[in-house]
Every structure is written in C-alpha cells, then in structure tokens.
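**Q** Structure incoming, see below.
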Amino acid sequence: MLKRITYLIPPFIGLIVAVLVYVGYRADQDYHAEKIHAQVVQSLNESRDSAIGSGVHLISAMEAFLKVNPDLNQSQFSVLANALLVNMPAARSLQLAKDDTVSHAYPSWSADKTFGRKLDQTGPLALRTLLERAKDTGRRQILTPDEDALGNEEIVILAPVFLPGKSLSEGYWGMICIHLDAAALFRSANIGTADNVLIALRDKHPQDDRDAMLAGDPLVFEMSPLGRSVSVPSGEWLLAAAPLGGWSGSPYGKYILGIGLLAMVLIPASLWAVAVIMLGRLKDRERYYQLVHNAKSIIMRINMDGDIVFCNEYAEGFYGYEPGELLGKPLVGTLVPRKMLEGRSMRRYLSRLLMDPTAHPFNETMNVRKNGEIVWVAWANDSVRNKDGVSIGLLCVGTDITDRKLMEEALRQREKQYRLLAENVTDIIWGLDADYRFTFVSPSDEDVRGFKRSDVLGRYIQEFLTPASKTRFKDILRMLDDLAGGQGSLTSVTEDLEFTCADGGSVWLESHLGILFSEEGERIGLQGVSRDISDRKLAEALREDVERMARHDLKTPLGAVIGLPNEIR
C-alpha cells in the first residue's frame, strides 16, 4: 500500500505543478492586462481633460469677466487675454464681437485686420451657421477642424455672452470667438502615440459629410479600444485609446509556460527517482532489519569504550535481557566475565581487539547470561569505520557453541578413557577405513607383532596377513555383507587369522570383526579386537599330532591281528 501511494505522489505533484503553472500564467496575463488597461485609461483620461479643458476654461473665464465688465476696452482685453493665453500654446487668436461685430482682438497685430468685421456676414458658411445656433440656443458651439486661409487646420469655438438680469434677446452682448491650432491642441492632449498607447479622436456624429476623424490613426478604432465621450459645444467627440502592440498577452507568458513545462517534467521525474531510491533503501533497510533481527546469530556493535551500542533481538533473547536493556552497558562485566578460566583479563583483551581487530578476527569466549548460566560463543570480529576511515567501534557476530563445547569436553573425556583402556589392554584394538586400511591400532600390537604404530597406520590389512588368512579375510567380508543385508547394522563375526610379525614370523589372532556404519547407514569401515591365540593354536596342533600318532601306532598291530585269522585259515 505504501509503495502504491509513494508511486502516486510524483503524478500528483506534477498535477499540482501544472495547476500552479496555469494559475501563475493566468495571473501574469491578468496582471499584464490590468496594467495595460490602467495605462490606457490613464492616458485616455489625461487626453480628454487636456482636450476639453484648455479652450473651455479660457472661454468661461472671459465670459465671466465680460458679465462683470461689459465695457472692456482693447488695452484691458489685451492684458486679460495675454494672462489667459500664456499657458495655452494651441490658441492662435481670441476675438470679442460685440453685437456680432469684432470689437476686441488678440494678438494686437491682428486687430487692424479683424476690427469691424461682422461675424454673421463674413467667414465660412459653417461658421455663420454655428453663430446663429449659438445665439438661438445660448450655448457654446465648436467648429470641427477645418483648413484656414493658410491651409492650417484650426478649431473655432463660439460662445455667446448674455448679460445678467436681462432676457435672452435683450441681454445679448455679443460673441467670444477663439481660434485654436488643431495640431497643437491634439499634440498637447497626447493624441497620437503616448507611453506606448495609441490615441485617436473623431467626431461622434459628423455633419455635412465631413471626415469623422479629427486626430490620430483611424486604425485605433479597429483595435477594440477604450473610448471616452468628449462633450464639445457643438456636439460630442469620441476619444479612443489602445495599446501600441494591441491587447497582446504578457511577454513573460511564454517563459512561464516554458519553465512550467520543464518543472512539470523535471519535478515529477525527480520525485519518481527519489521515490524509487527511497523505496529501494527502505526495502534494503527492511531486508537488513529482517536479516539482523531474525538471524539466529548474536549481532552486536561495540564502541571504542567497550560499551554495547547495538544488539539484535536474538542476542537479547539469548542472554535473557529485555529489549534495549543491554544498550549502553559495558561488554566486559555484563556478558563477558572480567577474567577467563585461565586467568586472562578480558578487558585488556577487548582493548587490544578494539585497537586491531585483524589480529583476532575469530575467537571463542565464555559468556554469562542474565541468570548466571555459562555459555560459550564463537565470535567473528570486524572494525566499524567512519567516512574518514577512522575506527569507531567493533562489529561482532557470535554463534552459540555451548553444545559443541560440552560435546567436545565429553568426547575428550571419553577419548581419554578410551585411550586409557586401549593403551593398557592386552588385546589388540584396531580400525579400518572403507578401503581396509588401518586408521587406528592400539599399542599392544607392538608387543604382540613387533610393528610400530607408524609402520601400520595407513597400510592395507592384507599386507599383514598370510596367504591363507587373506583368502579367509575375503570370505569374512562376504559373510559380513550377507549378515549386514539380513540383520542391519549390528553385524560381527569372530575368526582366527594369521598375521605376520616384524621378525618375519607369524602369530595367530582371534579377531572379532564388526562393520562401522555412518549416520546415513553407509559402511565406512571395520572395527576389530584381536587376541593372541598362538599358544592355543600350538596346543591344538600338538593334540592333533598326538591323536594322529596314536591312531597310527594302534592301526599297525591291529592290522596284523585282523589279518592273522586269514593267514591261519
């Protein structure tokens, strides 16, 4: 389950990264769009305020002054106009037409040309039409950009002046007429290109088939622009603005997508690799844990002070301690006695072992369980080193050899007793391997036959038998094979065999032979016990000679007696 969850984490993280990349991309696009929108709106508002503010404020100020001082002379007008037009470079001229006849003019050099000119009788038809409309409605009128006599586009604003306290017809004082340079006005209003924003101006409701475009590039109105209506005395103008490069996305979007795509690939791949490595390490760690804690061996780690810093579960159970009870305790004095049976100091031995584990990679020590029971453990030792190669402790792997030690001690005792018996008995005890070569012979053989043990061991038994006994030995082997097949492993026979002696003679030995079997039931050799019966054999031979002689001596006279009657007859 953990493995499946771990492998699902990288795709899940990849999905999260994809969502974050998309959110970041959309946030960047939205921020860029909002930034461009705010920039366009700011430019649009600034342009609108500049466009309508300059001329209208001038006319309003002049209209208010005339209502207070309708008998304004030319010199006063010049001072007032100079003060009002000082910050308005787009204004070409300012005229006052009392009763529609030009009575005041600015700049002063144009006064001679314009004084006495009747506005309702001279000038373009469009201007005269606006003049009548202004008088009838009492509202300001504006003549959209048109070429003057010099071929320059200008904007003409007409504002009727009515004195307070009188009716519309009686209170009409005259007309204020201001001529504005269209190019300069639009330039001061940033119409065109400003701060990477395209701005254009057109008449919202053009009249008399006039060109609707007033300023700027007509392409702006095809770029989904932001628009603002500009109220002018003669109607409405439409001010539009759009980004220089259009409403394009953020320039950082492609980088965000590229980096995000790279992150979507690298992060899950890296996490996948880390997950594989971690799972592999966890698997190795689990195997190591199972190996260490389930191994039927004592595994311990000793630091340079001789204290136990790690031991597996088997070690704790073997010594009879609770989990974790051995950690931090000194090895010598807890599990290993301070002195061995022969008096050797184990603390000193452990110190030498910690300094040079290669000197004693294997050893066998007597250990003490928690209940005081003595056990024997065979240790395999190796040093534990840090990254710098400095020895920081000792790793010990032990195997319980208590049963083997007890068996070895029992075998030593039994061997001691056997050797005492074999070396002091008068009978000859010998053993043969599967090829009938001597593997053991008791010292009494040298007393009987005169051969030393080194002369006998490893040689075939047939080399020490007389020819007749060799044949008999083969018959004995066949007999033992037959007995083994019918009776099992408990088969033995007793036969008299004649062995050769070191001095060239021979000796008769009554031999009790038995087959030796392994634990698997395979024959591995013969075991024999022989007794010298040479005297008995001599006695038996003498008896046979006496009997033969007696039979011969009795047979001769009896033959004469038996044959005498025949002779007499």
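Quick note on naming: the chains in the structure tokens go A, B, ... in the order shown, residues restart at 1 in each chain, and ligands are numbered from 1 in order of appearance.
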Please provide the set of residues having any atom within 6 Å of Leu509 in chain A, restricted to only C-alpha atoms, with same-chain residues fewer than 6 positions apart removed, written as a list of chain:residue names.
**A** A:Asp496, A:Leu497, A:Ser530, A:Arg531, A:Asp532, A:Ile533
**Q** Considering only C-alpha atoms, return as a list in words whatever protein or nucleic-acid residues lie within 9 Å of range 448-465 of chain A, sequence-local ones (same chain, fewer than 3 positions apart) excluded.
**A**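 Residues near the query, excluding close chain neighbours: Thr426, Ile428, Leu432, Asp435, Tyr436, Arg437, Phe438, Thr439, Phe440, Val441, Ser442, Pro443, Ser444, Asp445, Ala468, Ser469, Lys470, Phe473, Leu497, Glu498, Phe499, Thr500, Cys501, Ala502, Asp503, Gly505, Ser506, Val507 and Asp532 of chain A.
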**Q** Pick out the residues sitting within 12 Å of Met366 in chain A, and hand them over as a count of residues only; count only C-alpha atoms, and ignore anything fewer than 2 positions along from it in its own chain.
**A** 31
**Q** In Å, how far is it from CA of Leu238 in chain A to CA of Gln141 in chain A?
**A**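 CA of Gln141 in chain A lies 16.7 Å from CA of Leu238 in chain A.
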**Q** Mind the document's chain letters and residue numbers, and return as a PyMOL selection string the residues of range 233-384 of chain A that DSSP labels strand (DSSP E or B).
**A** chain A and resi 235-243+298-303+307-311+330+332+336+339+345+362-368+374-384
**Q** For Leu180 in chain A, work out the shell of residues within 8 Å, counting only C-alpha atoms and skipping chain neighbours fewer than 2 positions away, then give it as a count of residues only.
**A** 11
**Q** Counting only C-alpha atoms, which of A:Trp508, A:Pro124, A:Ala275, A:Leu516 gets nearest to Ser534 in chain A?
**A**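 Going through A:Trp508, A:Pro124, A:Ala275, A:Leu516 one by one, the smallest distance to Ser534 in chain A is for A:Trp508.
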**Q** Could you please determine the separation between CA of Ala240 in chain A and CA of Ala33 in chain A in Å, to one decimal place?
**A**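 CA of Ala33 in chain A lies 17.3 Å from CA of Ala240 in chain A.
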**Q** Enumerate, in order of chain and increasing residue number, the residues of range 223-321 of chain A with an atom no farther than 8 Å from range 4-20 of chain A, each with its shortest atom pair and distance in Å to one decimal, counting only C-alpha atoms, as JSON lines.
**A**
```
{"residue": "A:Gly260", "atom": "CA", "partner": "A:Ala18", "partner_atom": "CA", "distance": 7.1}
{"residue": "A:Leu261", "atom": "CA", "partner": "A:Ala18", "partner_atom": "CA", "distance": 7.7}
{"residue": "A:Ala263", "atom": "CA", "partner": "A:Val17", "partner_atom": "CA", "distance": 7.3}
{"residue": "A:Met264", "atom": "CA", "partner": "A:Gly14", "partner_atom": "CA", "distance": 5.3}
{"residue": "A:Val265", "atom": "CA", "partner": "A:Gly14", "partner_atom": "CA", "distance": 7.5}
{"residue": "A:Ile267", "atom": "CA", "partner": "A:Gly14", "partner_atom": "CA", "distance": 6.9}
{"residue": "A:Pro268", "atom": "CA", "partner": "A:Pro10", "partner_atom": "CA", "distance": 4.5}
{"residue": "A:Ala269", "atom": "CA", "partner": "A:Pro10", "partner_atom": "CA", "distance": 7.2}
{"residue": "A:Leu271", "atom": "CA", "partner": "A:Pro10", "partner_atom": "CA", "distance": 5.5}
{"residue": "A:Trp272", "atom": "CA", "partner": "A:Pro10", "partner_atom": "CA", "distance": 5.6}
{"residue": "A:Ala275", "atom": "CA", "partner": "A:Thr6", "partner_atom": "CA", "distance": 6.5}
```
**Q** Given only C-alpha atoms as the basis, pick out the residue of A:Pro70, A:Gly521, A:Gly343, A:Gly393 nearest to Met355 in chain A.
**A**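 Ranked by minimum distance to Met355 in chain A, first place goes to A:Gly393.
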**Q** Let me make sure I understand: among A:Asp433, A:Glu409, A:Glu519, A:Asp99, which one has the smallest atom-to-atom distance to Trp173 in chain A if we use only C-alpha atoms?
**A** A:Asp99
**Q** Which residues, written as a PyMOL selection string, have at least one atom at most 8 Å from Glu495 in chain A, with only C-alpha atoms counted and residues fewer than 4 positions away on the same chain left out?
**A** chain A and resi 476+510-513
**Q** Using only C-alpha atoms, which residue out of A:Leu244, A:Ala134, A:Leu84, A:Val220 lies closest to Pro160 in chain A?
**A** A:Ala134
**Q** Using only C-alpha atoms, find the one residue out of A:Gly389, A:Gly253, A:Gly258, A:Pro218 that sits nearest to Asp30 in chain A.
**A**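 Ranking A:Gly389, A:Gly253, A:Gly258, A:Pro218 by distance to Asp30 in chain A, first place goes to A:Gly253.
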**Q** DSSP on the backbone, then: every residue of range 228-308 of chain A marked alpha helix (DSSP H), written as a VMD selection string.
**A** chain A and resid 253 to 294
